[in-house]
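Undergrad: To start, I am sharing the structure in question, which I have written as structure tokens.
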Amino acid sequence: MNPETWAGVDEYAAKAVLARDPVLEAVLAANEAAGLPAIAVSPLQGKLLQLLARIRGARRILEVGTLGGYSTIWLARSLPAGGRIVTLELEKKHAAVARENFRRAGVEGVVELREGRASERLAELEREGGELFDFVFVDADKASLAEYFEAALRLTRPGGAIVLDNVVRKGAVIDAASEDASVRGVRRLNEVLARETERGRVSATTIQTVGVKGYDGFTLAVVGANGG
Ligand code: SAH
Ligand code: DHB
Ligand code: MG
């Protein structure tokens with residue numbers, strides 16, 4: 001098994017289960033043309049997010065880390081009439097590319113892009129005290145994963161779901177002595193997950209993945225382990 005095989009299987013599986021989508025292809029091309037890093041979720045991962053949000057019946061979705069809005073568009077397309085997605089992005093350039101992509105995909109009416117530091121925008125959402133979210137996708141800087149998860153917990157309704165991307169880092173997360181900020185972020189996330197699992201506030205799992213993005217993984221947490 002090697003990365004070429006993982007990517008080959010992703011491409012093979014995508015042909016079977018994903019419709020050709022010129023809009024999403026144009027979105028990725030626009031990201032590349034603007035010089036954004038090629039770190040969006042893969043097509044199959046985008047579809048997974050969309051299916052999870054649909055299974056959850058999510059009407060209010062929160063995303064932390066927009067980049068060019070590729071994952072945002074997958075999620076926006078899961079929304080029922082009247083649904084909304086709020087997405088948070090630090091970089092002005094990424095936000096500008098994303099806004100253009102939302103227009104391209106025709107989802108600009110359901111997406112609310114808030115610019116600035118996610119920590120500040122999350123605190124702002126908490127202060128506003130709006131309706132809680134049904135589904136949250138955390139995919140920004142990995143050093144702050146634990147803080148984003150704690151904020152997401154406060155912003156998600158009982159029974160809502162939180163997905164956190166990039167929690168395996170090619171396996172580097174098992175190195176307790178790592179000085180890599182992302183690895184340390186994931187390890188602090190797992191301390192919070194252990195505490196909140198113990199308290200019965202979440203029920204979570206972590207799944208390792210391989211594919212076009214190499215070897216990584218995600219955590220899925222449902223809020224309110226006791227039937228919430
Ligand atoms: N979810 C996107 C990919 C996100 S990449 C997709 O799959 O299409 C991570 C994004 O998080 C980058 O655009 C980066 O600028 C943003 N980011 C990094 N640190 C941040 C912070 N402190 N606050 C908000 N966004 C941040
Ligand atoms: C990186 C970030 C991501 O969100 C991802 O899915 C893959 C890589 C990165 O910062 O390298
Ligand atoms: Mg990611």
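Each chain in the structure tokens gets a letter, A, B, ..., in the order shown, and its residues are numbered from 1; ligands are numbered from 1 in order too.
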From stretch 6-40 of chain A, collect each residue whose DSSP state is alpha helix (DSSP H) and return the set as a list in words.
TA: Trp6, Ala7, Gly8, Val9, Asp10, Glu11, Tyr12, Ala13, Ala14, Lys15, Ala16, Val17, Pro22, Val23, Leu24, Glu25, Ala26, Val27, Leu28, Ala29, Ala30, Asn31, Glu32 and Ala33 of chain A
Undergrad: Would you mind exporting C-alpha atoms of the selected residues as a PDB file, in the first residue's frame?
TA:
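Output file out_24.pdb is given in full below:
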```pdb
ATOM      1  CA  TRP A   6      -4.659   5.586  -1.961  1.00  0.00           C
ATOM      2  CA  ALA A   7      -5.094   8.361  -4.531  1.00  0.00           C
ATOM      3  CA  GLY A   8      -5.980   5.860  -7.257  1.00  0.00           C
ATOM      4  CA  VAL A   9      -8.733   4.334  -5.122  1.00  0.00           C
ATOM      5  CA  ASP A  10     -10.063   7.816  -4.267  1.00  0.00           C
ATOM      6  CA  GLU A  11     -10.278   8.649  -7.967  1.00  0.00           C
ATOM      7  CA  TYR A  12     -11.872   5.281  -8.753  1.00  0.00           C
ATOM      8  CA  ALA A  13     -14.461   5.612  -5.952  1.00  0.00           C
ATOM      9  CA  ALA A  14     -15.197   9.230  -6.852  1.00  0.00           C
ATOM     10  CA  LYS A  15     -16.065   8.167 -10.407  1.00  0.00           C
ATOM     11  CA  ALA A  16     -18.611   5.741  -9.027  1.00  0.00           C
ATOM     12  CA  VAL A  17     -20.363   7.897  -6.423  1.00  0.00           C
ATOM     13  CA  PRO A  22     -18.249  21.666 -13.365  1.00  0.00           C
ATOM     14  CA  VAL A  23     -19.035  24.242 -10.652  1.00  0.00           C
ATOM     15  CA  LEU A  24     -16.925  22.527  -7.993  1.00  0.00           C
ATOM     16  CA  GLU A  25     -14.182  21.964 -10.584  1.00  0.00           C
ATOM     17  CA  ALA A  26     -14.261  25.705 -11.362  1.00  0.00           C
ATOM     18  CA  VAL A  27     -14.063  26.472  -7.637  1.00  0.00           C
ATOM     19  CA  LEU A  28     -10.892  24.389  -7.261  1.00  0.00           C
ATOM     20  CA  ALA A  29      -9.462  25.979 -10.412  1.00  0.00           C
ATOM     21  CA  ALA A  30     -10.194  29.452  -9.013  1.00  0.00           C
ATOM     22  CA  ASN A  31      -8.493  28.529  -5.718  1.00  0.00           C
ATOM     23  CA  GLU A  32      -5.417  27.368  -7.622  1.00  0.00           C
ATOM     24  CA  ALA A  33      -5.380  30.390  -9.936  1.00  0.00           C
TER      25      ALA A  33
END
```
Undergrad: Find the residues near ligand 1. Use a cut-off of 6 Å, count only C-alpha atoms and all ligand atoms, and write them as an NGL selection string.
TA: :A and (39-41 or 65-71 or 88-91 or 94 or 117-118 or 139-141)
Undergrad: Need the shell around A:Phe137: protein/DNA/RNA residues with any atom at most 10 Å away, counting only C-alpha atoms. Skip same-chain ones fewer than 6 positions apart. Format as a PyMOL selection string?
TA: chain A and resi 49+53+61-66+71-72+75+87+149+152+161-165+220
Undergrad: A:Ala58, A:Thr197, A:Val186, A:Leu155: which is nearest A:Glu128, counting only C-alpha atoms?
TA: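 Smallest separation from A:Glu128 among the options: A:Leu155.
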Undergrad: Using only C-alpha atoms, which of A:Ala98, A:Val168, A:Ala76, A:Ala221 sits nearest A:Thr209?
TA: A:Val168
Undergrad: My list of candidates is A:Gly57, A:Gly129, A:Pro80, A:Gly46. Which is closest to ligand 2 when distances are computed with only C-alpha atoms and all ligand atoms?
TA: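 Closest to ligand 2, using only C-alpha atoms and all ligand atoms: A:Gly46.
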Undergrad: Among stretch 11-185 of chain A, which residues carry a DSSP assignment of strand (DSSP E), reported as a VMD selection string?
TA: chain A and resid 60 to 64 84 to 89 111 to 115 133 to 138 156 to 165
Undergrad: In terms of the shortest atom-to-atom distance over only C-alpha atoms and all ligand atoms, which of A:Val110, A:Arg59, A:Gly171, A:Ala38 is closest to ligand 3?
TA: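 Nearest candidate to ligand 3 out of A:Val110, A:Arg59, A:Gly171, A:Ala38: A:Ala38.
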